[in-house]
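Structure file input.txt; described as compact mmCIF, C-alpha atoms.
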```
# COMPACT_ATOMS: atom_id res chain seq x y z
CA VAL A 158 -13.75 4.07 -10.55
CA ALA A 159 -14.93 6.90 -12.81
CA GLN A 160 -16.86 10.15 -12.90
CA LEU A 161 -20.14 10.18 -14.81
CA CYS A 162 -20.88 13.74 -15.90
CA ILE A 163 -24.53 14.50 -16.69
CA THR A 164 -26.05 17.78 -17.88
CA ARG A 165 -29.84 17.81 -17.52
CA HIS A 166 -32.79 20.14 -17.73
CA ARG A 167 -33.33 22.06 -14.50
CA SER A 168 -36.80 20.55 -14.08
CA ASP A 169 -35.45 16.97 -14.05
CA SER A 170 -34.50 15.22 -10.81
CA PRO A 171 -30.78 14.64 -10.12
CA PHE A 172 -31.05 10.84 -10.35
CA GLN A 173 -33.66 10.58 -13.10
CA HIS A 174 -31.22 9.79 -15.89
CA LEU A 175 -28.75 7.52 -14.08
CA PRO A 176 -29.93 4.13 -15.44
CA THR A 177 -30.04 5.42 -19.02
CA ALA A 178 -26.71 7.26 -18.72
CA ILE A 179 -24.92 4.21 -17.31
CA SER A 180 -26.53 2.01 -19.96
CA LEU A 181 -25.15 4.37 -22.61
CA GLN A 182 -21.70 4.59 -21.08
CA ARG A 183 -21.12 1.09 -19.69
CA ARG A 184 -18.35 0.30 -22.19
CA GLU A 185 -16.61 3.58 -21.41
CA LEU A 186 -17.07 2.94 -17.69
CA TYR A 187 -15.42 -0.45 -18.02
CA ALA A 188 -12.52 1.07 -19.97
CA ALA A 189 -12.09 3.78 -17.31
CA SER A 190 -12.22 1.19 -14.53
CA LYS A 191 -9.33 -0.76 -16.09
CA ILE A 192 -7.24 2.41 -16.12
CA SER A 193 -8.15 3.38 -12.55
CA ALA A 194 -7.75 -0.16 -11.18
CA PRO A 195 -6.01 -2.65 -13.52
CA MET A 196 -7.51 -5.60 -11.59
CA PHE A 197 -10.72 -4.96 -13.54
CA SER A 198 -8.93 -6.21 -16.66
CA GLN A 199 -9.42 -9.70 -15.23
CA THR A 200 -13.13 -9.11 -14.56
CA ASP A 201 -15.96 -10.15 -16.87
CA PRO A 202 -17.79 -6.90 -17.79
CA SER A 203 -21.14 -8.68 -17.59
CA SER A 204 -20.52 -9.44 -13.90
CA LEU A 205 -20.08 -5.79 -12.90
CA GLU A 206 -22.62 -4.04 -10.70
CA TYR A 207 -23.13 -0.28 -10.88
CA SER A 208 -23.78 2.43 -8.34
CA ALA A 209 -23.48 6.21 -8.32
CA GLU A 210 -23.68 9.25 -6.08
CA PRO A 211 -23.06 13.01 -6.36
CA MET A 212 -19.46 14.19 -5.99
CA ASN A 213 -20.23 16.08 -2.77
CA SER A 214 -21.55 12.88 -1.19
CA PHE A 215 -18.50 10.92 -2.38
CA GLY A 216 -16.20 13.60 -0.98
CA LYS A 217 -17.87 13.76 2.43
CA TYR A 218 -18.60 10.11 3.16
CA VAL A 219 -16.01 8.23 1.09
CA TYR A 220 -12.97 10.31 0.15
CA ASP A 221 -12.64 12.21 3.43
CA GLU A 222 -13.26 9.07 5.50
CA VAL A 223 -11.01 6.62 3.65
CA VAL A 224 -8.48 8.43 1.46
CA ASP A 225 -7.90 11.71 3.27
CA THR A 226 -7.76 10.08 6.71
CA LYS A 227 -5.15 7.64 5.42
CA ALA A 228 -3.09 10.45 3.89
CA LYS A 229 -3.09 12.42 7.15
CA ALA A 230 -2.04 9.38 9.15
CA SER A 231 0.76 8.63 6.70
CA LYS A 232 2.33 12.04 7.33
CA ASN A 233 3.18 10.99 10.86
CA LYS A 234 3.83 7.28 10.48
CA ALA A 235 4.57 4.83 7.69
CA GLU A 236 1.34 2.89 7.43
CA VAL A 237 1.58 -0.86 7.74
CA PRO A 238 -1.74 -2.71 7.48
CA PHE A 239 -3.05 -3.95 10.82
CA SER A 240 -3.94 -7.58 11.18
CA LYS A 241 -7.43 -8.28 12.48
CA ALA A 242 -5.90 -9.37 15.80
CA GLU A 243 -3.95 -6.11 16.13
CA ALA A 244 -7.03 -4.10 15.23
CA ARG A 245 -9.15 -5.87 17.86
CA LYS A 246 -6.51 -5.14 20.50
CA ILE A 247 -6.45 -1.44 19.62
CA MET A 248 -10.25 -1.34 19.75
CA GLY A 249 -10.36 -3.14 23.11
CA LEU A 250 -12.31 -6.07 21.68
CA GLU A 251 -12.07 -9.72 22.62
CA GLU A 252 -10.00 -12.07 20.51
CA GLY A 253 -11.90 -13.28 17.47
CA CYS A 254 -14.70 -10.72 17.81
CA ASP A 255 -16.45 -10.17 14.47
CA ASP A 256 -19.78 -8.84 15.76
CA LYS A 257 -20.51 -5.73 13.72
CA THR A 258 -22.64 -4.15 16.46
CA MET A 259 -19.89 -4.58 19.06
CA ILE A 260 -17.23 -3.22 16.69
CA LYS A 261 -19.31 -0.14 15.88
CA GLY A 262 -20.11 0.35 19.58
CA ALA A 263 -16.42 0.25 20.48
CA TYR A 264 -15.66 2.72 17.69
CA ARG A 265 -18.28 5.20 18.88
CA LYS A 266 -17.03 4.94 22.47
CA LEU A 267 -13.38 5.42 21.52
CA SER A 268 -14.21 8.25 19.10
CA MET A 269 -15.83 10.23 21.91
CA LYS A 270 -12.90 9.50 24.21
CA MET A 271 -10.02 10.05 21.77
CA HIS A 272 -11.20 12.71 19.30
CA PRO A 273 -8.56 15.49 19.07
CA ASP A 274 -11.22 18.17 19.58
CA LYS A 275 -11.86 16.79 23.08
CA PHE A 276 -8.49 18.07 24.26
CA GLY A 277 -9.17 21.66 23.29
CA TRP A 278 -6.95 24.26 21.65
CA GLY A 279 -3.72 25.01 23.46
CA LEU A 280 -4.15 22.38 26.18
CA GLN A 281 -1.47 20.11 24.77
CA THR A 282 2.15 20.54 23.82
CA PRO A 283 2.94 19.90 20.14
CA GLU A 284 4.46 16.57 21.15
CA GLU A 285 1.36 15.53 23.10
CA LYS A 286 -0.89 16.59 20.24
CA GLU A 287 1.13 14.50 17.79
CA VAL A 288 0.74 11.45 20.04
CA THR A 289 -3.03 11.87 20.49
CA ASP A 290 -3.58 12.58 16.79
CA GLN A 291 -1.68 9.42 15.86
CA ALA A 292 -3.55 7.34 18.44
CA TYR A 293 -6.86 8.57 17.05
CA ALA A 294 -5.76 7.83 13.47
CA ASP A 295 -4.64 4.33 14.48
CA MET A 296 -7.97 3.70 16.18
CA LYS A 297 -9.87 4.73 13.05
CA ARG A 298 -7.61 2.57 10.91
CA ALA A 299 -8.17 -0.38 13.26
CA TYR A 300 -11.92 0.10 12.91
CA GLU A 301 -11.63 0.25 9.12
CA THR A 302 -9.57 -2.96 9.16
CA LEU A 303 -12.25 -4.77 11.16
CA ILE A 304 -15.24 -3.41 9.28
CA SER A 305 -13.79 -3.74 5.77
CA GLY A 306 -15.22 -6.62 3.83
CA MET A 307 -18.07 -7.06 6.33
CA ALA A 308 -21.06 -6.87 4.04
CA ASN A 309 -24.44 -6.08 5.56
CA LYS A 310 -26.74 -9.09 5.62
CA ASN A 311 -30.41 -9.67 6.35
CA ALA A 312 -31.84 -12.23 8.78
CA ASP A 313 -31.44 -15.00 6.17
CA GLY A 314 -27.74 -14.24 5.70
CA LYS A 315 -28.22 -12.73 2.24
CA ILE A 316 -25.86 -9.85 1.42
CA ILE A 317 -27.85 -6.65 1.05
CA SER A 318 -25.00 -4.12 0.81
CA SER A 319 -21.24 -4.09 0.33
CA TRP A 320 -18.49 -2.57 2.47
CA TYR A 321 -18.27 0.38 0.08
CA GLU A 322 -22.02 0.96 0.29
CA SER A 323 -21.90 0.88 4.09
CA LEU A 324 -19.54 3.87 4.30
CA GLY A 325 -21.22 6.92 5.82
CA GLY A 326 -24.01 4.91 7.42
CA LYS A 327 -27.59 6.15 7.27
CA GLU A 328 -26.51 9.73 6.57
CA ARG A 329 -25.23 8.76 3.11
CA THR A 330 -28.64 8.98 1.49
CA ASP A 331 -27.58 9.92 -2.05
CA PHE A 332 -25.84 6.61 -2.81
CA GLN A 333 -27.78 4.86 -5.58
CA ARG A 334 -27.50 1.22 -6.67
CA ILE A 335 -28.40 0.80 -10.33
CA ARG A 336 -30.24 -2.51 -10.34
CA ARG A 337 -31.34 -2.69 -13.97
CA LEU A 338 -29.65 -1.47 -17.13
CA MET A 339 -31.16 -0.97 -20.57
CA PRO A 340 -29.95 -2.56 -23.81
CA LEU A 341 -27.64 -0.12 -25.54
CA VAL A 342 -29.97 0.36 -28.51
CA ASP A 343 -32.84 1.29 -26.18
CA ALA A 344 -30.67 3.75 -24.28
CA GLN A 345 -29.54 5.34 -27.52
CA ALA A 346 -33.14 5.61 -28.71
CA ALA A 347 -34.17 7.26 -25.42
CA VAL A 348 -31.81 10.19 -25.97
CA GLU A 349 -32.02 10.51 -29.73
CA GLY A 350 -32.90 14.04 -30.78
CA VAL A 351 -33.02 15.48 -27.24
CA ASP A 352 -30.52 17.18 -24.95
CA GLU A 353 -30.41 19.08 -21.65
CA THR A 354 -32.43 21.97 -23.10
CA THR A 355 -35.53 19.75 -23.18
CA PRO A 356 -37.29 18.30 -20.09
CA GLY A 357 -36.43 14.60 -19.98
CA GLY A 358 -33.33 15.04 -22.14
CA PHE A 359 -29.70 15.02 -21.09
CA ARG A 360 -26.11 14.60 -22.23
CA CYS A 361 -23.43 12.56 -20.49
CA ALA A 362 -19.73 11.69 -20.63
CA ILE A 363 -17.15 9.75 -18.65
CA ALA A 364 -14.06 11.13 -16.88
CA GLY A 365 -11.53 8.90 -15.16
CA ILE A 366 -10.43 8.93 -11.52
CA ASP A 367 -6.81 9.14 -10.42
CA PRO A 368 -5.51 5.54 -10.11
CA GLU A 369 -3.92 6.40 -6.76
CA THR A 370 -7.35 7.29 -5.38
CA ALA A 371 -8.96 4.14 -6.77
CA SER A 372 -6.13 2.00 -5.39
CA HIS A 373 -7.10 2.92 -1.82
CA PHE A 374 -10.36 1.01 -2.22
CA VAL A 375 -8.85 -1.91 -4.13
CA LEU A 376 -6.07 -2.38 -1.56
CA ARG A 377 -8.59 -2.03 1.28
CA ASN A 378 -10.55 -5.02 0.01
CA GLU A 379 -7.39 -7.05 -0.62
CA ASN A 380 -6.05 -6.27 2.86
CA SER A 381 -9.33 -7.35 4.44
CA VAL A 382 -8.70 -10.82 2.99
CA ARG A 383 -4.97 -11.00 3.77
CA THR A 384 -5.40 -9.79 7.36
CA ASN A 385 -8.41 -11.91 8.23
CA VAL A 386 -6.74 -13.41 11.31
```

Write-out of the structure in structure tokens:
Amino acid sequence: VAQLCITRHRSDSPFQHLPTAISLQRRELYAASKISAPMFSQTDPSSLEYSAEPMNSFGKYVYDEVVDTKAKASKNKAEVPFSKAEARKIMGLEEGCDDKTMIKGAYRKLSMKMHPDKFGWGLQTPEEKEVTDQAYADMKRAYETLISGMANKNADGKIISSWYESLGGKERTDFQRIRRLMPLVDAQAAVEGVDETTPGGFRCAIAGIDPETASHFVLRNENSVRTNV
């Protein structure tokens, strides 16, 4: 819901200052989240959980996969959310299937079969290419409909990661969950008198995210509830 900008000493690790920076900026982060997604106005700030990742990771595994794919599909067809039943039919799954392994297996199989690159350059007419591109986009959207809201759980049924965290799979290694924040006074004391010119010091600020971009993720979660059957 926001961009956290950190300048650090070149000898410090990229993630070293995240807990302190978020502890310093949590009020600003909450304010930015309400602008990006007004639904956060109804959320108790103390109930929020925090995570972060570099912009290149967000772009590759989140923006390109969710936002850019949706924008490309919308150029060809007005996008109406699939129901779970419609999505299962497109994916070739049995009625009522909610097995994550089977859904991912069907997605991998269809991706190999339907990917536009499989047809090669110049082997299709423009009309045929438009049809195959749309079919591939619909298949990806059907997969996203089925997988959205399906949190990863351990053997005891305890949620260990959210839908958002699951994006990108094992390749998305730079996603960081911030499990413990510092009291504001302690965070302020940790940076007092130091900046990015000193090892261990840093400066940070918050920049908002376009509400239209944030809305993709908010609507995705809402649609996963509304289209649960």

Legend entry - Straight-line distance linking CA of Lys241 in chain A with CA of Gly325 in chain A, stated in Å to one decimal: 21.6 Å

Inset, instruction - Could you give me, as a PyMOL selection string, the residues within 10 Å of Leu303 in chain A, counting only C-alpha atoms and dropping anything in the same chain fewer than 5 positions from it? - result: chain A and resi 239-245+248+254-257+260-261+297-298+381+384-385

Legend entry - Selected residue, from A:Thr370, A:Ala189, A:Asp169, A:Tyr300, that lies nearest to Gly262 in chain A when counting all atoms listed in the file: A:Tyr300

Inset, instruction - Write out as a list in words each polymer residue whose atoms come within 10 Å of Glu206 in chain A, counting all atoms listed in the file; drop sequence neighbours fewer than 4 positions from it. - result: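 Listing them by chain and then by number gives Pro202, Arg334, Ile335, Arg336, Arg337 and Leu338 of chain A.
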
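Across the model, the gap from CA of Pro340 in chain A to CA of Glu322 in chain A is 25.6 Å.
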
Inset, instruction - Calculate how many Å separate CA of Met339 in chain A from CA of Ser180 in chain A, rounding to one decimal. - result: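 Spanning CA of Met339 in chain A to CA of Ser180 in chain A is a straight-line distance of 5.5 Å.
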
Legend entry - Top pick for closest residue to Thr177 in chain A, considering A:Met259, A:Asp352, A:Phe374, A:Leu341 and counting all atoms listed in the file: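 That would be A:Leu341, the residue with the smallest distance to Thr177 in chain A.
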
Legend entry - Among listed residues A:Thr289, A:Gly253, A:Ala263, A:Met196, nearest Lys275 in chain A (using only C-alpha atoms): A:Thr289

Inset, instruction - Identify which of the residues A:Ala178, A:Ala292, A:Ala188, A:Ile247 lies closest to Asp343 in chain A, counting only C-alpha atoms when measuring atom-to-atom distances. - result: A:Ala178

Inset, instruction - Considering all atoms listed in the file, return as a list in words whatever protein or nucleic-acid residues lie within 12 Å of Pro171 in chain A, sequence-local ones (same chain, fewer than 5 positions apart) excluded. - result: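 In the requested form, the answer reads Cys162, Ile163, Thr164, Arg165, His166, Pro176, Ala209, Glu210, Pro211, Asp331, Phe332, Gln333, Gly357 and Phe359 of chain A.
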
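The environment of Thr200 in chain A within 12 Å, counting only C-alpha atoms and disregarding residues fewer than 4 places along the same chain, consists of Tyr187, Ala188, Ser190, Lys191, Ala194, Pro195, Met196, Ser204, Leu205 and Glu206 of chain A.
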
Inset, instruction - Measuring atom to atom with all atoms listed in the file, identify which of A:Glu284, A:Glu185, A:Glu301, A:Glu251 is nearest to Ser323 in chain A. - result: A:Glu301

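Minimum distance to Ser193 in chain A across A:Asp367, A:Glu353, A:Asp290, A:Glu252 (counting only C-alpha atoms) occurs at A:Asp367.
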